[in-house]
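*Asks:* Input start-v5.cif, format and content: mmCIF, C-alpha atoms.
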```cif
data_model
loop_
_atom_site.label_atom_id
_atom_site.label_comp_id
_atom_site.auth_asym_id
_atom_site.auth_seq_id
_atom_site.Cartn_x
_atom_site.Cartn_y
_atom_site.Cartn_z
CA LEU A 1 -44.32 -17.24 9.78
CA ALA A 2 -42.56 -15.98 12.92
CA ILE A 3 -41.91 -12.61 11.26
CA VAL A 4 -45.53 -12.23 10.15
CA ALA A 5 -47.02 -13.35 13.46
CA GLY A 6 -44.47 -11.76 15.76
CA PHE A 7 -44.21 -8.11 16.73
CA SER A 8 -40.42 -7.67 16.77
CA VAL A 9 -37.49 -8.92 14.68
CA ASN A 10 -33.98 -8.11 15.81
CA GLY A 11 -30.40 -8.71 14.74
CA VAL A 12 -27.70 -9.21 17.39
CA ALA A 13 -25.15 -6.71 16.01
CA LYS A 14 -25.47 -3.57 13.92
CA LEU A 15 -24.00 -5.22 10.80
CA HIS A 16 -26.13 -8.35 11.31
CA THR A 17 -29.29 -6.24 11.49
CA GLU A 18 -28.33 -4.35 8.33
CA ILE A 19 -27.77 -7.62 6.43
CA LEU A 20 -31.17 -8.91 7.58
CA GLU A 21 -32.84 -5.71 6.41
CA LYS A 22 -30.97 -5.30 3.12
CA GLN A 23 -30.54 -8.91 2.05
CA GLU A 24 -31.72 -11.96 3.99
CA LEU A 25 -35.14 -10.58 5.02
CA LYS A 26 -35.34 -7.67 2.60
CA ASP A 27 -38.94 -8.30 1.45
CA PHE A 28 -40.19 -8.63 5.02
CA TYR A 29 -38.35 -5.46 6.05
CA GLU A 30 -40.03 -3.54 3.24
CA MET A 31 -43.42 -4.83 4.40
CA PHE A 32 -42.88 -4.40 8.15
CA PRO A 33 -40.03 -1.90 8.71
CA GLU A 34 -41.44 -1.00 12.13
CA LYS A 35 -40.84 -4.56 13.39
CA PHE A 36 -37.09 -4.55 12.73
CA ASN A 37 -34.56 -3.37 15.30
CA ASN A 38 -31.05 -4.06 16.57
CA LYS A 39 -29.99 -5.47 19.93
CA THR A 40 -26.23 -5.95 19.99
CA ASN A 41 -25.16 -8.90 22.15
CA GLY A 42 -23.38 -8.41 25.44
CA ILE A 43 -21.37 -10.25 28.08
CA THR A 44 -21.47 -10.26 31.85
CA GLN A 45 -18.60 -8.42 33.51
CA ARG A 46 -19.33 -10.26 36.74
CA ARG A 47 -18.15 -13.51 35.18
CA PHE A 48 -15.52 -12.39 32.68
CA LEU A 49 -13.84 -9.65 34.72
CA LEU A 50 -14.85 -9.75 38.39
CA HIS A 51 -14.56 -13.55 38.66
CA GLY A 52 -12.23 -14.34 35.76
CA ASN A 53 -9.65 -11.59 36.22
CA PRO A 54 -9.56 -10.65 39.93
CA LEU A 55 -6.24 -8.80 39.59
CA LEU A 56 -7.65 -6.39 37.02
CA ALA A 57 -11.00 -6.18 38.82
CA ASP A 58 -9.28 -5.11 42.04
CA TRP A 59 -7.15 -2.56 40.17
CA ILE A 60 -10.24 -1.03 38.55
CA THR A 61 -12.14 -0.91 41.85
CA GLY A 62 -9.16 0.74 43.46
CA LYS A 63 -9.31 3.50 40.86
CA ILE A 64 -13.06 4.15 40.45
CA GLY A 65 -14.91 2.12 43.08
CA ASP A 66 -17.12 -0.89 42.42
CA ASP A 67 -20.10 0.67 40.60
CA TRP A 68 -18.79 -0.90 37.37
CA ILE A 69 -19.83 -4.33 38.65
CA THR A 70 -23.49 -3.46 38.01
CA ASP A 71 -22.98 -0.65 35.48
CA LEU A 72 -20.11 -1.33 33.11
CA SER A 73 -20.33 2.15 31.56
CA HIS A 74 -18.36 3.38 34.61
CA LEU A 75 -15.23 1.90 32.98
CA SER A 76 -15.08 5.02 30.79
CA ARG A 77 -13.98 6.96 33.89
CA LEU A 78 -10.65 5.12 33.62
CA LYS A 79 -9.71 6.81 30.35
CA VAL A 80 -7.86 9.53 32.31
CA TYR A 81 -5.23 6.89 33.13
CA VAL A 82 -4.35 5.70 29.61
CA ASP A 83 -1.36 8.08 29.28
CA ASP A 84 -0.20 7.63 32.86
CA GLU A 85 3.05 5.64 32.69
CA LYS A 86 2.68 4.25 36.21
CA CYS A 87 -0.83 3.01 35.42
CA GLN A 88 0.40 1.56 32.13
CA ARG A 89 3.06 -0.42 34.00
CA GLU A 90 0.50 -1.63 36.55
CA PHE A 91 -1.94 -2.69 33.83
CA MET A 92 0.73 -4.58 31.89
CA GLN A 93 2.04 -6.23 35.08
CA ILE A 94 -1.47 -7.56 35.69
CA LYS A 95 -1.50 -8.87 32.11
CA TYR A 96 1.87 -10.55 32.71
CA GLN A 97 0.63 -12.24 35.89
CA ASN A 98 -2.37 -13.54 33.96
CA LYS A 99 -0.06 -14.82 31.23
CA LEU A 100 1.96 -16.66 33.88
CA ARG A 101 -1.29 -18.25 35.12
CA LEU A 102 -2.22 -19.40 31.59
CA ALA A 103 1.34 -20.62 30.90
CA LYS A 104 1.08 -22.77 34.06
CA TYR A 105 -2.27 -24.15 32.88
CA ILE A 106 -0.83 -24.99 29.45
CA LYS A 107 2.20 -26.70 30.98
CA GLU A 108 0.01 -28.81 33.27
CA ASN A 109 -2.63 -29.69 30.66
CA ASN A 110 -0.69 -29.72 27.36
CA GLY A 111 2.87 -30.41 28.51
CA VAL A 112 4.08 -27.42 26.46
CA GLU A 113 6.26 -24.67 27.90
CA VAL A 114 5.32 -21.25 26.56
CA ASP A 115 7.11 -17.97 27.13
CA PRO A 116 4.87 -15.55 29.08
CA ARG A 117 6.84 -12.67 27.52
CA SER A 118 5.84 -13.79 24.01
CA VAL A 119 2.80 -12.37 22.23
CA PHE A 120 -0.21 -14.46 23.29
CA ASP A 121 -2.23 -14.53 20.07
CA VAL A 122 -5.53 -16.26 20.83
CA GLN A 123 -8.45 -17.67 18.86
CA VAL A 124 -10.98 -19.48 21.02
CA LYS A 125 -14.51 -20.13 19.74
CA ARG A 126 -16.65 -22.79 18.11
CA LEU A 127 -14.77 -24.47 15.24
CA HIS A 128 -16.49 -23.53 12.01
CA GLU A 129 -15.18 -22.84 8.53
CA TYR A 130 -16.57 -19.29 8.46
CA LYS A 131 -14.70 -18.46 11.68
CA ARG A 132 -11.53 -19.35 9.75
CA GLN A 133 -9.34 -21.09 12.27
CA LEU A 134 -7.87 -22.53 9.07
CA LEU A 135 -6.64 -19.08 7.96
CA ASN A 136 -4.91 -18.71 11.33
CA ILE A 137 -3.09 -22.06 11.24
CA LEU A 138 -2.12 -21.66 7.55
CA HIS A 139 -0.50 -18.36 8.52
CA VAL A 140 1.35 -20.09 11.37
CA MET A 141 2.68 -22.59 8.82
CA TYR A 142 3.75 -19.66 6.62
CA LEU A 143 5.48 -17.96 9.56
CA TYR A 144 7.29 -21.19 10.41
CA ASN A 145 8.53 -21.40 6.81
CA GLN A 146 9.77 -17.80 7.07
CA LEU A 147 11.68 -18.58 10.25
CA LYS A 148 13.21 -21.73 8.79
CA ALA A 149 14.35 -19.84 5.70
CA ASN A 150 15.68 -16.93 7.75
CA PRO A 151 16.58 -17.89 11.35
CA ASP A 152 17.48 -14.25 12.09
CA LEU A 153 14.02 -12.98 11.11
CA ASP A 154 13.27 -10.02 13.36
CA ILE A 155 9.90 -10.86 14.91
CA PRO A 156 8.84 -11.03 18.55
CA ALA A 157 8.38 -14.47 20.12
CA GLN A 158 4.81 -15.60 19.52
CA THR A 159 2.50 -18.15 21.11
CA PHE A 160 -0.57 -19.03 19.02
CA ILE A 161 -3.31 -20.38 21.24
CA PHE A 162 -6.41 -22.15 19.93
CA GLY A 163 -9.43 -23.49 21.74
CA ALA A 164 -12.51 -24.91 20.05
CA LYS A 165 -15.10 -27.62 19.92
CA ALA A 166 -16.56 -28.99 16.70
CA ALA A 167 -19.89 -30.66 16.00
CA ALA A 168 -19.54 -34.44 16.03
CA GLY A 169 -20.28 -34.94 12.33
CA TYR A 170 -18.45 -31.86 11.03
CA LYS A 171 -15.60 -33.60 9.21
CA ILE A 172 -13.67 -30.57 7.93
CA ALA A 173 -13.84 -28.96 11.39
CA LYS A 174 -12.46 -32.11 13.05
CA LEU A 175 -9.75 -32.22 10.39
CA THR A 176 -8.82 -28.61 11.12
CA ILE A 177 -8.35 -29.45 14.81
CA LYS A 178 -6.13 -32.35 13.76
CA LEU A 179 -4.10 -30.01 11.52
CA ILE A 180 -3.61 -27.48 14.33
CA ASN A 181 -2.36 -30.22 16.65
CA ASN A 182 -0.06 -31.75 14.03
CA VAL A 183 1.44 -28.35 13.19
CA ALA A 184 1.93 -27.77 16.92
CA ASP A 185 3.80 -31.08 17.26
CA VAL A 186 6.23 -30.15 14.48
CA ILE A 187 6.84 -26.53 15.50
CA ASN A 188 7.02 -27.06 19.26
CA ASN A 189 9.62 -29.79 18.82
CA ASP A 190 11.92 -27.98 16.39
CA PRO A 191 15.00 -26.76 18.30
CA ALA A 192 16.17 -24.75 15.27
CA ILE A 193 13.61 -21.98 15.89
CA LYS A 194 14.68 -21.65 19.56
CA GLY A 195 11.17 -21.47 20.98
CA ARG A 196 10.30 -18.27 19.11
CA LEU A 197 7.11 -19.86 17.82
CA LYS A 198 4.77 -22.07 19.83
CA VAL A 199 1.33 -23.45 19.01
CA VAL A 200 -1.11 -24.73 21.61
CA PHE A 201 -4.55 -26.28 21.22
CA ILE A 202 -6.31 -26.10 24.60
CA GLU A 203 -8.52 -29.13 25.07
CA ASN A 204 -12.11 -29.05 26.29
CA TYR A 205 -12.56 -25.32 25.79
CA ARG A 206 -15.24 -24.13 28.23
CA VAL A 207 -16.13 -21.12 30.37
CA SER A 208 -13.92 -22.11 33.32
CA ASN A 209 -10.72 -22.19 31.26
CA ALA A 210 -11.96 -19.38 29.01
CA GLU A 211 -11.71 -17.02 31.99
CA ILE A 212 -8.00 -17.82 32.29
CA ILE A 213 -7.49 -17.46 28.54
CA PHE A 214 -9.28 -14.12 28.06
CA ALA A 215 -7.39 -12.52 30.96
CA ALA A 216 -4.03 -13.52 29.44
CA ALA A 217 -4.58 -12.69 25.75
CA ASP A 218 -2.61 -9.95 24.00
CA VAL A 219 -4.27 -10.39 20.60
CA SER A 220 -7.92 -11.26 20.01
CA GLU A 221 -8.35 -13.18 16.73
CA GLN A 222 -11.76 -12.26 15.27
CA ILE A 223 -11.15 -13.25 11.67
CA SER A 224 -14.48 -14.59 10.38
CA THR A 225 -15.38 -13.99 6.76
CA ALA A 226 -17.06 -10.59 6.68
CA SER A 227 -20.89 -10.86 6.69
CA LYS A 228 -20.89 -14.38 8.22
CA GLU A 229 -20.63 -13.75 12.00
CA ALA A 230 -23.97 -12.58 13.40
CA SER A 231 -22.28 -10.92 16.37
CA GLY A 232 -19.69 -12.72 18.44
CA THR A 233 -19.15 -12.22 22.17
CA GLY A 234 -15.64 -13.63 22.55
CA ASN A 235 -14.43 -10.40 20.94
CA MET A 236 -16.08 -8.47 23.81
CA LYS A 237 -14.54 -10.71 26.50
CA PHE A 238 -11.06 -10.22 25.04
CA MET A 239 -11.62 -6.46 24.76
CA LEU A 240 -12.80 -6.19 28.38
CA ASN A 241 -9.64 -7.93 29.56
CA GLY A 242 -7.27 -5.70 27.59
CA ALA A 243 -6.53 -7.40 24.26
CA MET A 244 -6.29 -5.78 20.84
CA THR A 245 -8.68 -7.00 18.17
CA LEU A 246 -7.13 -8.41 15.01
CA GLY A 247 -10.13 -8.92 12.80
CA THR A 248 -12.39 -8.36 9.86
CA MET A 249 -15.20 -5.82 9.81
CA ASP A 250 -17.76 -8.45 10.76
CA GLY A 251 -20.35 -8.90 13.47
CA ALA A 252 -19.78 -6.82 16.60
CA ASN A 253 -16.17 -6.14 15.53
CA VAL A 254 -17.68 -3.19 13.66
CA GLU A 255 -19.03 -1.71 16.88
CA ILE A 256 -15.87 -2.48 18.84
CA VAL A 257 -13.87 -0.48 16.29
CA GLN A 258 -16.40 2.34 16.55
CA GLU A 259 -15.91 2.40 20.33
CA VAL A 260 -12.10 2.17 20.49
CA GLY A 261 -11.21 3.96 17.24
CA ALA A 262 -9.57 2.47 14.15
CA ASP A 263 -6.08 3.12 15.59
CA ASN A 264 -6.75 0.75 18.49
CA ALA A 265 -7.56 -2.35 16.43
CA VAL A 266 -5.97 -4.00 13.39
CA ILE A 267 -8.51 -4.64 10.64
CA PHE A 268 -7.91 -6.59 7.43
CA GLY A 269 -9.61 -8.38 4.58
CA LEU A 270 -12.67 -8.11 2.40
CA SER A 271 -15.64 -6.05 3.57
CA SER A 272 -19.08 -7.63 3.95
CA ASP A 273 -20.22 -5.83 0.79
CA GLU A 274 -17.26 -7.23 -1.17
CA VAL A 275 -17.93 -10.77 0.08
CA ILE A 276 -21.61 -10.55 -0.81
CA ARG A 277 -20.73 -9.17 -4.26
CA TYR A 278 -18.35 -12.08 -4.97
CA GLU A 279 -21.00 -14.54 -3.79
CA ASN A 280 -23.67 -13.02 -6.02
CA GLU A 281 -21.61 -12.16 -9.09
CA GLY A 282 -18.61 -14.53 -8.99
CA GLY A 283 -15.19 -13.37 -10.15
CA TYR A 284 -13.00 -15.03 -7.52
CA ASP A 285 -10.66 -17.88 -8.48
CA PRO A 286 -8.48 -19.21 -5.64
CA MET A 287 -6.44 -21.24 -8.15
CA GLU A 288 -5.15 -17.96 -9.57
CA ILE A 289 -3.73 -17.06 -6.15
CA PHE A 290 -2.28 -20.55 -5.73
CA ASN A 291 -0.52 -20.30 -9.09
CA ASN A 292 0.86 -16.80 -8.57
CA ASP A 293 1.81 -16.65 -4.88
CA GLN A 294 4.77 -18.87 -4.06
CA ASP A 295 4.37 -18.57 -0.27
CA ILE A 296 0.72 -19.60 -0.38
CA ARG A 297 1.48 -22.43 -2.79
CA GLU A 298 4.22 -23.74 -0.49
CA VAL A 299 1.87 -23.74 2.52
CA LEU A 300 -0.93 -25.50 0.64
CA MET A 301 1.43 -28.12 -0.74
CA GLU A 302 2.46 -28.91 2.84
CA LEU A 303 -1.12 -30.08 3.41
CA ILE A 304 -0.57 -32.95 0.99
CA ASN A 305 3.17 -33.69 1.03
CA GLY A 306 3.30 -35.30 4.46
CA LYS A 307 5.16 -32.51 6.26
CA TYR A 308 2.47 -32.45 8.96
CA SER A 309 1.12 -35.97 8.42
CA LYS A 310 3.97 -38.38 7.81
CA GLU A 311 1.80 -41.35 8.81
CA ASP A 312 -0.73 -40.46 6.08
CA PRO A 313 0.23 -37.80 3.50
CA GLU A 314 -3.39 -37.75 2.26
CA MET A 315 -4.78 -36.87 5.72
CA PHE A 316 -5.44 -33.23 4.90
CA ARG A 317 -6.39 -33.69 1.24
CA ASP A 318 -9.99 -32.64 1.98
CA ILE A 319 -8.80 -29.28 3.36
CA TYR A 320 -6.59 -28.77 0.32
CA ASN A 321 -9.48 -29.61 -2.01
CA SER A 322 -11.91 -27.32 -0.18
CA LEU A 323 -9.59 -24.38 -0.84
CA LEU A 324 -8.90 -25.03 -4.52
CA ASN A 325 -11.62 -27.17 -6.08
CA THR A 326 -15.34 -26.76 -6.58
CA GLN A 327 -17.01 -29.81 -5.05
CA GLU A 328 -20.62 -31.00 -5.19
CA GLY A 329 -21.82 -27.53 -6.13
CA ARG A 330 -19.82 -25.87 -3.38
CA ARG A 331 -17.56 -23.03 -4.53
CA ALA A 332 -13.82 -23.44 -3.99
CA ASP A 333 -12.56 -21.49 -0.95
CA THR A 334 -16.10 -20.71 0.14
CA TYR A 335 -14.91 -18.47 2.96
CA PHE A 336 -12.26 -16.51 1.02
CA ILE A 337 -9.30 -17.75 3.07
CA LEU A 338 -6.77 -17.42 0.25
CA LYS A 339 -8.27 -14.11 -0.86
CA ASP A 340 -7.68 -12.62 2.59
CA PHE A 341 -4.38 -14.41 3.33
CA CYS A 342 -1.94 -11.66 2.31
CA SER A 343 -4.01 -8.97 4.01
CA TYR A 344 -4.03 -11.13 7.17
CA ALA A 345 -0.25 -11.67 7.01
CA ASP A 346 0.24 -7.90 6.72
CA ALA A 347 -2.07 -7.35 9.69
CA GLN A 348 0.02 -9.79 11.73
CA LYS A 349 3.14 -7.77 10.87
CA LYS A 350 1.39 -4.63 12.12
CA ILE A 351 0.63 -6.40 15.41
CA ASP A 352 4.31 -7.35 15.73
CA GLU A 353 5.40 -3.75 15.15
CA ARG A 354 2.91 -2.36 17.62
CA TYR A 355 3.77 -4.88 20.33
CA ARG A 356 7.38 -3.70 20.35
CA ASP A 357 6.31 -0.17 21.35
CA GLU A 358 5.52 -0.95 24.98
CA LYS A 359 3.95 2.37 25.97
CA SER A 360 1.80 2.62 22.85
CA TRP A 361 0.70 -1.01 23.24
CA ALA A 362 -0.21 -0.45 26.89
CA LYS A 363 -2.28 2.61 25.98
CA THR A 364 -4.09 0.74 23.21
CA VAL A 365 -5.06 -2.28 25.30
CA MET A 366 -6.13 -0.04 28.19
CA ILE A 367 -8.38 1.91 25.80
CA ASN A 368 -9.88 -1.39 24.65
CA SER A 369 -10.65 -2.42 28.21
CA PHE A 370 -12.00 0.94 29.32
CA LYS A 371 -14.25 1.32 26.25
CA ALA A 372 -16.01 -2.02 26.82
CA GLY A 373 -18.92 -0.48 28.75
CA LYS A 374 -21.38 -0.73 25.85
CA PHE A 375 -20.93 -4.47 25.59
CA SER A 376 -22.40 -5.53 28.93
CA SER A 377 -25.31 -7.96 28.72
CA ASP A 378 -27.00 -5.69 31.29
CA ARG A 379 -27.40 -3.11 28.52
CA THR A 380 -28.56 -5.73 26.01
CA ILE A 381 -31.18 -7.20 28.34
CA GLU A 382 -32.45 -3.74 29.33
CA GLU A 383 -32.92 -2.91 25.63
CA TYR A 384 -34.93 -6.11 25.16
CA ALA A 385 -36.97 -5.38 28.27
CA THR A 386 -37.80 -1.75 27.49
CA GLU A 387 -37.93 -1.70 23.68
CA ILE A 388 -39.32 -5.15 22.80
CA TRP A 389 -41.07 -6.59 25.86
CA LYS A 390 -42.21 -3.12 27.08
CA LEU A 391 -41.56 -4.02 30.71
CA THR A 392 -41.31 -1.51 33.52
CA LYS A 393 -38.73 -1.76 36.29
CA THR A 394 -39.75 -2.96 39.73
CA PRO A 395 -37.42 -1.52 42.35
CA VAL A 396 -36.33 -4.05 44.98
CA LYS A 397 -35.48 -2.71 48.42
CA VAL A 398 -32.32 -4.29 49.81
CA GLN A 399 -32.68 -4.92 53.56
#
```
Please express the file's structure as structure tokens.
*Replies:*
Amino acid sequence: LAIVAGFSVNGVAKLHTEILEKQELKDFYEMFPEKFNNKTNGITQRRFLLHGNPLLADWITGKIGDDWITDLSHLSRLKVYVDDEKCQREFMQIKYQNKLRLAKYIKENNGVEVDPRSVFDVQVKRLHEYKRQLLNILHVMYLYNQLKANPDLDIPAQTFIFGAKAAAGYKIAKLTIKLINNVADVINNDPAIKGRLKVVFIENYRVSNAEIIFAAADVSEQISTASKEASGTGNMKFMLNGAMTLGTMDGANVEIVQEVGADNAVIFGLSSDEVIRYENEGGYDPMEIFNNDQDIREVLMELINGKYSKEDPEMFRDIYNSLLNTQEGRRADTYFILKDFCSYADAQKKIDERYRDEKSWAKTVMINSFKAGKFSSDRTIEEYATEIWKLTKTPVKVQ
């Protein structure tokens, strides 16, 4: 009814709009193609850079002035500095100071000491199965197994940081939060791995602590099942603050990769077309992966053997079942976690390799920050105002 009566229908990311036009609202699009348009989401740099990351904000202003505060496209003027070794060192020193600030926050609020020189790999967003926090923590469990089997494994120290809230009645989401915290308790208290792996779940995730988190992140986890995330704006906040995207080609990740170039992000997993094809035609059996991949089988068995739930070995049975068994008409592994697991593990290895090359890493995260101009909410709102609402600007004279 809204589509018929309204005069404009828009998606909030390029991919989202395409899915509306080609699949979800295909019949309406064929009837009213002129109504459909795209308005990619944006974020405000005044909150998530100027206020949230004053060290970087001051550095940017020192280089190009403060016009970026009201016109984020000015950040592109910084691209002349991405190969400048002095600027690279300054940029990474700012990142280190922000990591110290977050490490202090984690110590005070979680009682966990994290190494600010470790890779800060961060996933903060609403807890939902399609956002696949479960894929992230299953990989952490896999990495822990690798370290236990080979204490000399050559990987950089890593801190996996989660932050999320879940709807009150969303049982599997609440259970995932419990799993993350239980895995953290085991890993953080194992002296055998010498602090090379830490896991932190930041409580009461909200904008005020998000500012501290975004400024400190090295890796931005944007790992939703392709075709499921309408847009996402956390990915933009990470990008603006100089983090590399580790993600699927979903939501606004597609446009971030277009802006920064494929070499300045690490992309993995099924495409949206592949996901939609599996959903429509079938042909995916997670039990086949479970039976043939020893590493995945070991991780999944740890969900039900008490390793992370000694008080109740059956605590995570529902997660285990959701991955392997069709239940009440719901397909096993609805969000293709096991299907994408190996691709995700390979992507994590690429991140590790790239992090070791300090100059290349600095250049990449600087490019991410300086290419964020498109993703300001100022641009989004102006597109709504001019292209949908047909408003004209009223200049305001500042006295």
*Asks:* Between A:Thr61, A:Ser118, A:Thr17, A:Ser369, which has the minimum distance to A:Arg356 (counting only C-alpha atoms)?
*Replies:*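 Ranking A:Thr61, A:Ser118, A:Thr17, A:Ser369 by distance to A:Arg356, first place goes to A:Ser118.
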*Asks:* So, counting only C-alpha atoms, which residue among A:Thr364, A:Ser73, A:Gln123, A:Asn241 is closest to A:Ile351?
*Replies:*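 Going through A:Thr364, A:Ser73, A:Gln123, A:Asn241 one by one, the smallest distance to A:Ile351 is for A:Thr364.
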*Asks:* Which residues are near A:Ile304? Cut-off 9 Å, only C-alpha atoms, ignore same chain within fewer than 4 positions. Put them as an NGL selection string.
*Replies:* :A and (300 or 308-309 or 313-317 or 320)
*Asks:* One number please: atom CA of A:Met244 to atom CA of A:Asn368, in Å, one decimal.
*Replies:*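 Interatomic distance here is 6.8 Å.
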*Asks:* Counting all atoms listed in the file, which residue out of A:Glu255, A:Glu85, A:Asp293, A:Asp340 sits closest to A:His16?
*Replies:*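 Under the stated criterion, the closest residue is A:Glu255.
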